[in-house]
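Q: Please see the structure below; I have some questions.
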Amino acid sequence: MGWEENVRRVVPYTPGEQPDFADMIKLNTNENPYPPSKRVQACAQTAKTERLRLYPPPAADALTNALAKSYGVKREQVFVGVGSDDVLAMAFLTFFNADKPVLFPDITYSFYDVWAELFRIPYECQPLDEELRIVKEDYCRPNGGIVFPNPNAPTGVELPLDEIEEIVARNRDVVVIVDEAYVDFGTRSALELIRKYDNLLVVQTFSKSRSLAGLRIGYAFGSEKLIRCLNDVKYSFNSYTMNRPSIELGVAALADEAYFRETTAKIIATRERTKKRLAALGFSFADSKANFLFVTHPDYAAKDLFEALKEQHIYVRYFAKPRIDRYLRITIGTDEQMDALIGFFKRYMNK
């Protein structure tokens, strides 16, 4: 075996396909169908490329300050990273070091168990109920930490804020991470709770609601003490994680609140319209508060629908996993893209 005996082996996270066809309809990775703000586009055109020879500020000060101002917190309560995946990985490494297992749902963001395996963190998955909802009582027992998305992914189901607070309040001896990647599409954020609980970390991203998945901007809010701990680990790992263009363009995105509200409202409206049209075709799904729907049909296998859609260059997400292999996760695109999707389903069902 030689050196291979010492290799750390994990089953990696499998991202959604990234096809590249001119005529494709890409509804498989929960990207925003609308372009970034015009302020972001203008900033990109006037970027000072000569400064790229310099390292970026380690604390990404301009972006950190802008986030603090935009969300009404102290800058010492803000942590930024290269997408929310980077922020979450740092949080796992920083806060989940107990002998007791970390708790997260059995149907959830599939990076959680990958990080737990990679960092040798014990964990236990808590089953969602029959309606694909988190059961708060499952998280009120001895553990080494808790993490879950709100709304959950891939289900899109929201956990009410009072239930989140109950979980945080009953776990004051560990850190509770609420992953809010999709919060801007109709879910109430847990951000307000960080004023009351020093063991809560709220993680968000620019990838979905601000149309900047390609820039990789993630951030977290928490007590000053939590953020100091995160930064200590970050600076022990990589001091210069966020590049200069991301910092500058991220600040520009925050400056255009009106565009942010406009595009998220469009997506919400399209989502609600699509719910009605899919229900009329016999699909069932939970009441998603995200920018995607998690749908199933009693008469058609999800895998067959997935493959048939793919042949027409319409991409959705299929998970060949227990309990959810009858479902498709469909990102909400533009009205025109969703019209094309519905049109495909009608043709397929009328064969």
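Ordered as shown in the structure tokens, chains take letters A, B, and onward, while each chain numbers its residues from 1 and ligands are numbered from 1 in the order shown.
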May I have the residues within 7 Å of A:Ile177 as a ChimeraX atom specification, using only C-alpha atoms and disregarding those fewer than 5 positions away in the same chain?
A: /A:146-148,200-202
Q: Let me see the file: selected residues, N, CA and C atoms, as a PDB file, in the first residue's frame.
A:
ATOM      1  N   ILE A 146     -25.347  21.454  16.877  1.00  0.00           N
ATOM      2  CA  ILE A 146     -26.521  21.271  16.017  1.00  0.00           C
ATOM      3  C   ILE A 146     -26.369  22.144  14.780  1.00  0.00           C
ATOM      4  N   VAL A 147     -26.767  21.613  13.638  1.00  0.00           N
ATOM      5  CA  VAL A 147     -26.788  22.405  12.412  1.00  0.00           C
ATOM      6  C   VAL A 147     -27.976  21.956  11.561  1.00  0.00           C
ATOM      7  N   PHE A 148     -28.680  22.927  10.996  1.00  0.00           N
ATOM      8  CA  PHE A 148     -29.763  22.621  10.060  1.00  0.00           C
ATOM      9  C   PHE A 148     -30.026  23.852   9.209  1.00  0.00           C
ATOM     10  N   LEU A 200     -25.528  30.979  19.152  1.00  0.00           N
ATOM     11  CA  LEU A 200     -26.200  30.854  17.855  1.00  0.00           C
ATOM     12  C   LEU A 200     -25.362  31.482  16.754  1.00  0.00           C
ATOM     13  N   LEU A 201     -25.145  30.721  15.682  1.00  0.00           N
ATOM     14  CA  LEU A 201     -24.471  31.228  14.485  1.00  0.00           C
ATOM     15  C   LEU A 201     -25.442  31.146  13.319  1.00  0.00           C
ATOM     16  N   VAL A 202     -25.677  32.278  12.656  1.00  0.00           N
ATOM     17  CA  VAL A 202     -26.592  32.353  11.508  1.00  0.00           C
ATOM     18  C   VAL A 202     -25.765  32.570  10.250  1.00  0.00           C
TER      19      VAL A 202
END
Q: So which residues touch A:Cys229 within 12 Å, counting only C-alpha atoms, skipping near sequence neighbours fewer than 6 positions away, as a PyMOL selection string?
A: chain A and resi 76-79+90-95+175+199+201+222-223+235-236
Q: Would you mind exporting C-alpha atoms of the selected residues as an mmCIF file, in the first residue's frame?
A:
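Wrote again.cif, looks like this:
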data_model
loop_
_atom_site.group_PDB
_atom_site.id
_atom_site.type_symbol
_atom_site.label_atom_id
_atom_site.label_comp_id
_atom_site.auth_asym_id
_atom_site.auth_seq_id
_atom_site.Cartn_x
_atom_site.Cartn_y
_atom_site.Cartn_z
ATOM 1 C CA GLU A 76 -17.392 42.292 15.333
ATOM 2 C CA GLN A 77 -20.466 40.083 14.895
ATOM 3 C CA VAL A 78 -19.787 39.388 11.205
ATOM 4 C CA PHE A 79 -17.603 36.699 9.607
ATOM 5 C CA MET A 90 -14.860 26.726 9.288
ATOM 6 C CA ALA A 91 -17.734 26.585 11.772
ATOM 7 C CA PHE A 92 -17.633 22.761 11.863
ATOM 8 C CA LEU A 93 -13.876 22.874 12.424
ATOM 9 C CA THR A 94 -14.182 25.545 15.111
ATOM 10 C CA PHE A 95 -17.203 24.539 17.157
ATOM 11 C CA VAL A 175 -23.212 25.975 19.255
ATOM 12 C CA ASN A 199 -24.370 30.160 21.135
ATOM 13 C CA LEU A 201 -24.471 31.228 14.485
ATOM 14 C CA GLY A 222 -23.104 35.613 15.872
ATOM 15 C CA SER A 223 -21.929 36.890 19.220
ATOM 16 C CA TYR A 235 -6.270 32.828 10.364
ATOM 17 C CA SER A 236 -4.691 29.517 11.331
#
Q: So that I can check the secondary structure, give me every residue of stretch 152-281 of chain A assigned strand (DSSP E or B) by backbone DSSP, as a count of residues only.
A: 14
Q: Env of A:Gly343: 12 Å cut, atoms = only C-alpha atoms, seq-sep filter 3 positions within chain, self excluded. Answer as an NGL selection string.
A: :A and (274 or 277-278 or 281 or 309 or 312 or 314 or 336-340 or 346-350)
Q: Could you go through stretch 63-177 of chain A and tell me which residues DSSP, when run on the backbone, assigns to helix (DSSP H, G or I), listing them as an MDAnalysis selection string?
A: chainID A and resid 63:71 75:77 83:95 112:118 136:139 161:169
Q: Keeping only N, CA and C atoms, take the residues you just selected and write them out as a CSV table (one decimal), in the first residue's frame.
A:
chain,number,residue,atom,x,y,z
A,63,LEU,N,-16.4,44.8,3.1
A,63,LEU,CA,-17.6,44.0,3.0
A,63,LEU,C,-18.1,43.7,4.4
A,64,THR,N,-17.2,43.4,5.3
A,64,THR,CA,-17.7,43.2,6.7
A,64,THR,C,-18.4,44.4,7.2
A,65,ASN,N,-17.9,45.6,7.0
A,65,ASN,CA,-18.5,46.8,7.5
A,65,ASN,C,-19.9,47.0,6.8
A,66,ALA,N,-19.9,46.7,5.5
A,66,ALA,CA,-21.2,46.9,4.7
A,66,ALA,C,-22.3,45.9,5.2
A,67,LEU,N,-21.9,44.7,5.5
A,67,LEU,CA,-22.8,43.7,6.0
A,67,LEU,C,-23.3,44.1,7.4
A,68,ALA,N,-22.4,44.6,8.2
A,68,ALA,CA,-22.8,45.0,9.6
A,68,ALA,C,-23.9,46.1,9.5
A,69,LYS,N,-23.6,47.1,8.6
A,69,LYS,CA,-24.5,48.2,8.5
A,69,LYS,C,-25.8,47.8,7.9
A,70,SER,N,-25.8,46.9,6.9
A,70,SER,CA,-27.0,46.5,6.2
A,70,SER,C,-27.9,45.7,7.1
A,71,TYR,N,-27.3,44.9,8.0
A,71,TYR,CA,-28.1,44.0,8.8
A,71,TYR,C,-28.3,44.5,10.3
A,75,ARG,N,-19.8,45.2,13.5
A,75,ARG,CA,-18.9,44.5,12.6
A,75,ARG,C,-18.2,43.3,13.3
A,76,GLU,N,-18.0,43.4,14.6
A,76,GLU,CA,-17.4,42.3,15.3
A,76,GLU,C,-18.3,41.1,15.4
A,77,GLN,N,-19.5,41.2,14.9
A,77,GLN,CA,-20.5,40.1,14.9
A,77,GLN,C,-20.6,39.5,13.5
A,83,GLY,N,-18.0,31.8,0.0
A,83,GLY,CA,-19.3,31.1,-0.1
A,83,GLY,C,-19.7,30.6,1.3
A,84,SER,N,-21.0,30.3,1.5
A,84,SER,CA,-21.4,29.8,2.8
A,84,SER,C,-20.8,28.4,3.1
A,85,ASP,N,-20.4,27.6,2.0
A,85,ASP,CA,-19.7,26.4,2.3
A,85,ASP,C,-18.4,26.6,3.1
A,86,ASP,N,-17.7,27.6,2.7
A,86,ASP,CA,-16.4,27.9,3.4
A,86,ASP,C,-16.7,28.3,4.8
A,87,VAL,N,-17.7,29.1,5.0
A,87,VAL,CA,-18.1,29.6,6.4
A,87,VAL,C,-18.6,28.4,7.2
A,88,LEU,N,-19.4,27.5,6.6
A,88,LEU,CA,-19.9,26.4,7.4
A,88,LEU,C,-18.7,25.4,7.7
A,89,ALA,N,-17.8,25.1,6.8
A,89,ALA,CA,-16.7,24.3,7.0
A,89,ALA,C,-15.9,24.8,8.2
A,90,MET,N,-15.6,26.1,8.2
A,90,MET,CA,-14.9,26.7,9.3
A,90,MET,C,-15.6,26.6,10.6
A,91,ALA,N,-16.9,26.7,10.6
A,91,ALA,CA,-17.7,26.6,11.8
A,91,ALA,C,-17.7,25.2,12.3
A,92,PHE,N,-17.8,24.2,11.4
A,92,PHE,CA,-17.6,22.8,11.9
A,92,PHE,C,-16.3,22.6,12.5
A,93,LEU,N,-15.2,23.1,11.9
A,93,LEU,CA,-13.9,22.9,12.4
A,93,LEU,C,-13.7,23.6,13.8
A,94,THR,N,-14.4,24.7,13.9
A,94,THR,CA,-14.2,25.5,15.1
A,94,THR,C,-15.0,25.0,16.3
A,95,PHE,N,-16.3,24.7,16.1
A,95,PHE,CA,-17.2,24.5,17.2
A,95,PHE,C,-17.6,23.1,17.5
A,112,TYR,N,-23.2,18.3,5.0
A,112,TYR,CA,-23.0,18.2,6.5
A,112,TYR,C,-22.2,16.9,6.9
A,113,ASP,N,-22.7,15.8,6.4
A,113,ASP,CA,-22.1,14.5,6.7
A,113,ASP,C,-20.7,14.4,6.1
A,114,VAL,N,-20.5,15.1,5.0
A,114,VAL,CA,-19.1,15.1,4.3
A,114,VAL,C,-18.1,15.8,5.2
A,115,TRP,N,-18.5,17.0,5.7
A,115,TRP,CA,-17.6,17.7,6.6
A,115,TRP,C,-17.4,16.9,7.9
A,116,ALA,N,-18.4,16.3,8.5
A,116,ALA,CA,-18.3,15.6,9.7
A,116,ALA,C,-17.3,14.4,9.5
A,117,GLU,N,-17.4,13.7,8.4
A,117,GLU,CA,-16.5,12.6,8.1
A,117,GLU,C,-15.1,13.1,7.9
A,118,LEU,N,-14.9,14.2,7.2
A,118,LEU,CA,-13.6,14.8,6.9
A,118,LEU,C,-12.9,15.2,8.1
A,136,LYS,N,-38.5,19.3,16.4
A,136,LYS,CA,-37.6,20.1,17.3
A,136,LYS,C,-37.2,19.3,18.6
A,137,GLU,N,-38.1,18.4,19.0
A,137,GLU,CA,-37.8,17.6,20.2
A,137,GLU,C,-36.6,16.7,20.0
A,138,ASP,N,-36.3,16.3,18.8
A,138,ASP,CA,-35.1,15.5,18.5
A,138,ASP,C,-33.8,16.2,18.8
A,139,TYR,N,-33.9,17.5,18.9
A,139,TYR,CA,-32.6,18.3,19.1
A,139,TYR,C,-32.5,18.8,20.5
A,161,LEU,N,-39.7,30.4,13.8
A,161,LEU,CA,-38.7,31.0,14.6
A,161,LEU,C,-38.8,30.6,16.1
A,162,ASP,N,-40.1,30.4,16.6
A,162,ASP,CA,-40.2,30.0,18.0
A,162,ASP,C,-39.6,28.7,18.3
A,163,GLU,N,-39.7,27.8,17.3
A,163,GLU,CA,-39.1,26.4,17.4
A,163,GLU,C,-37.6,26.5,17.4
A,164,ILE,N,-37.1,27.3,16.5
A,164,ILE,CA,-35.6,27.5,16.4
A,164,ILE,C,-35.2,28.1,17.8
A,165,GLU,N,-35.9,29.0,18.3
A,165,GLU,CA,-35.4,29.6,19.6
A,165,GLU,C,-35.5,28.5,20.7
A,166,GLU,N,-36.5,27.7,20.7
A,166,GLU,CA,-36.5,26.6,21.7
A,166,GLU,C,-35.3,25.7,21.6
A,167,ILE,N,-34.9,25.3,20.4
A,167,ILE,CA,-33.7,24.5,20.2
A,167,ILE,C,-32.5,25.2,20.7
A,168,VAL,N,-32.3,26.5,20.4
A,168,VAL,CA,-31.1,27.2,20.8
A,168,VAL,C,-31.1,27.3,22.4
A,169,ALA,N,-32.3,27.7,22.9
A,169,ALA,CA,-32.4,27.9,24.4
A,169,ALA,C,-32.1,26.6,25.2
Q: I'd like the interatomic distance between atom CA of A:Phe292 and atom CA of A:Pro12, to a tenth of an Å.
A: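 Taking atom CA of A:Phe292 as the start and atom CA of A:Pro12 as the end point, the length is 23.6 Å.
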Q: Calculated over only C-alpha atoms, which of the candidates A:Ser189, A:Ser209, A:Asn243, A:Thr296 has the smallest distance to A:Thr263?
A: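 The shortest atom-to-atom distance to A:Thr263 comes from A:Ser209.
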Q: Which of these, A:Lys234, A:Arg188, A:Arg317, A:Lys208, has the shortest distance to A:Val80 once you count only C-alpha atoms?
A: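 Distance minimum relative to A:Val80 lands on A:Lys234.
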Q: Interatomic distance between atom CA of A:Glu5 and atom CA of A:Tyr123?
A: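 Atom CA of A:Glu5 sits 24.6 Å away from atom CA of A:Tyr123.
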Q: Set the distance at 9 Å and use only C-alpha atoms: which residues neighbour A:Pro33 once local chain neighbours fewer than 5 positions away are removed? I'd like the list as number ranges by chain.
A: A: 26-27, 211, 267, 332-334
Q: So that I can see what lies close to stretch 255-259 of chain A, please list as a list of chain:residue names the residues with an atom at most 8 Å from it, counting only C-alpha atoms and leaving out residues fewer than 4 positions away in the same chain.
A: A:Ser37, A:Arg39, A:Val251, A:Thr263
Q: Could you write out the selected residues, including N, CA and C atoms, as a PDB file, in the first residue's frame?
A:
ATOM      1  N   SER A  37     -27.160  42.868  -9.828  1.00  0.00           N
ATOM      2  CA  SER A  37     -27.527  44.276  -9.851  1.00  0.00           C
ATOM      3  C   SER A  37     -26.672  45.068 -10.845  1.00  0.00           C
ATOM      4  N   ARG A  39     -25.490  47.863 -10.304  1.00  0.00           N
ATOM      5  CA  ARG A  39     -24.375  48.432  -9.531  1.00  0.00           C
ATOM      6  C   ARG A  39     -23.200  47.460  -9.502  1.00  0.00           C
ATOM      7  N   VAL A 251     -19.850  44.556  -1.846  1.00  0.00           N
ATOM      8  CA  VAL A 251     -20.280  45.847  -1.302  1.00  0.00           C
ATOM      9  C   VAL A 251     -21.278  46.507  -2.255  1.00  0.00           C
ATOM     10  N   THR A 263     -35.972  41.321  -7.336  1.00  0.00           N
ATOM     11  CA  THR A 263     -35.731  39.992  -7.905  1.00  0.00           C
ATOM     12  C   THR A 263     -36.244  38.882  -6.993  1.00  0.00           C
TER      13      THR A 263
END
Q: Identify which of the residues A:Arg8, A:Arg133, A:Lys48, A:Arg170 lies closest to A:Asp287, counting only C-alpha atoms when measuring atom-to-atom distances.
A: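 The closest residue to A:Asp287 is A:Arg133.
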Q: Could you tell me how far atom CA of A:Asn238 lies from atom CA of A:Arg195, in Å and to one decimal?
A: 28.9 Å
Q: Can you pull out the residues contacting A:Tyr327? Cut-off 12 Å, using only C-alpha atoms, and skip same-chain residues under 6 positions away; I want them as a list in words.
A: Leu132, Pro154, Thr155, Phe283, Ser284, Phe285, Ala286, Leu293, Phe294, Val295, Thr296, His297, Pro298, Tyr300, Ala301, Ala302, Lys303, Asp304, Leu305, Phe306, Val316, Arg317, Tyr318, Phe319, Ala320 and Lys321 of chain A
Q: Which residue is closest to A:Arg273? Choose from A:Ala252, A:Asp23, A:Ile342, A:Val176 and count only C-alpha atoms.
A: A:Ile342
Q: Of the candidates A:Cys125, A:Val10, A:Ala290, A:Ile107, which one gets nearest to A:Ala269 if we count only C-alpha atoms?
A: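 Once distances to A:Ala269 are computed over only C-alpha atoms, the minimum belongs to A:Ala290.
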Q: Considering only C-alpha atoms, state which residue in the set A:Val73, A:Leu54, A:Ala308, A:Val183 is at the smallest distance from A:Thr264.
A: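 That would be A:Val183, the residue with the smallest distance to A:Thr264.
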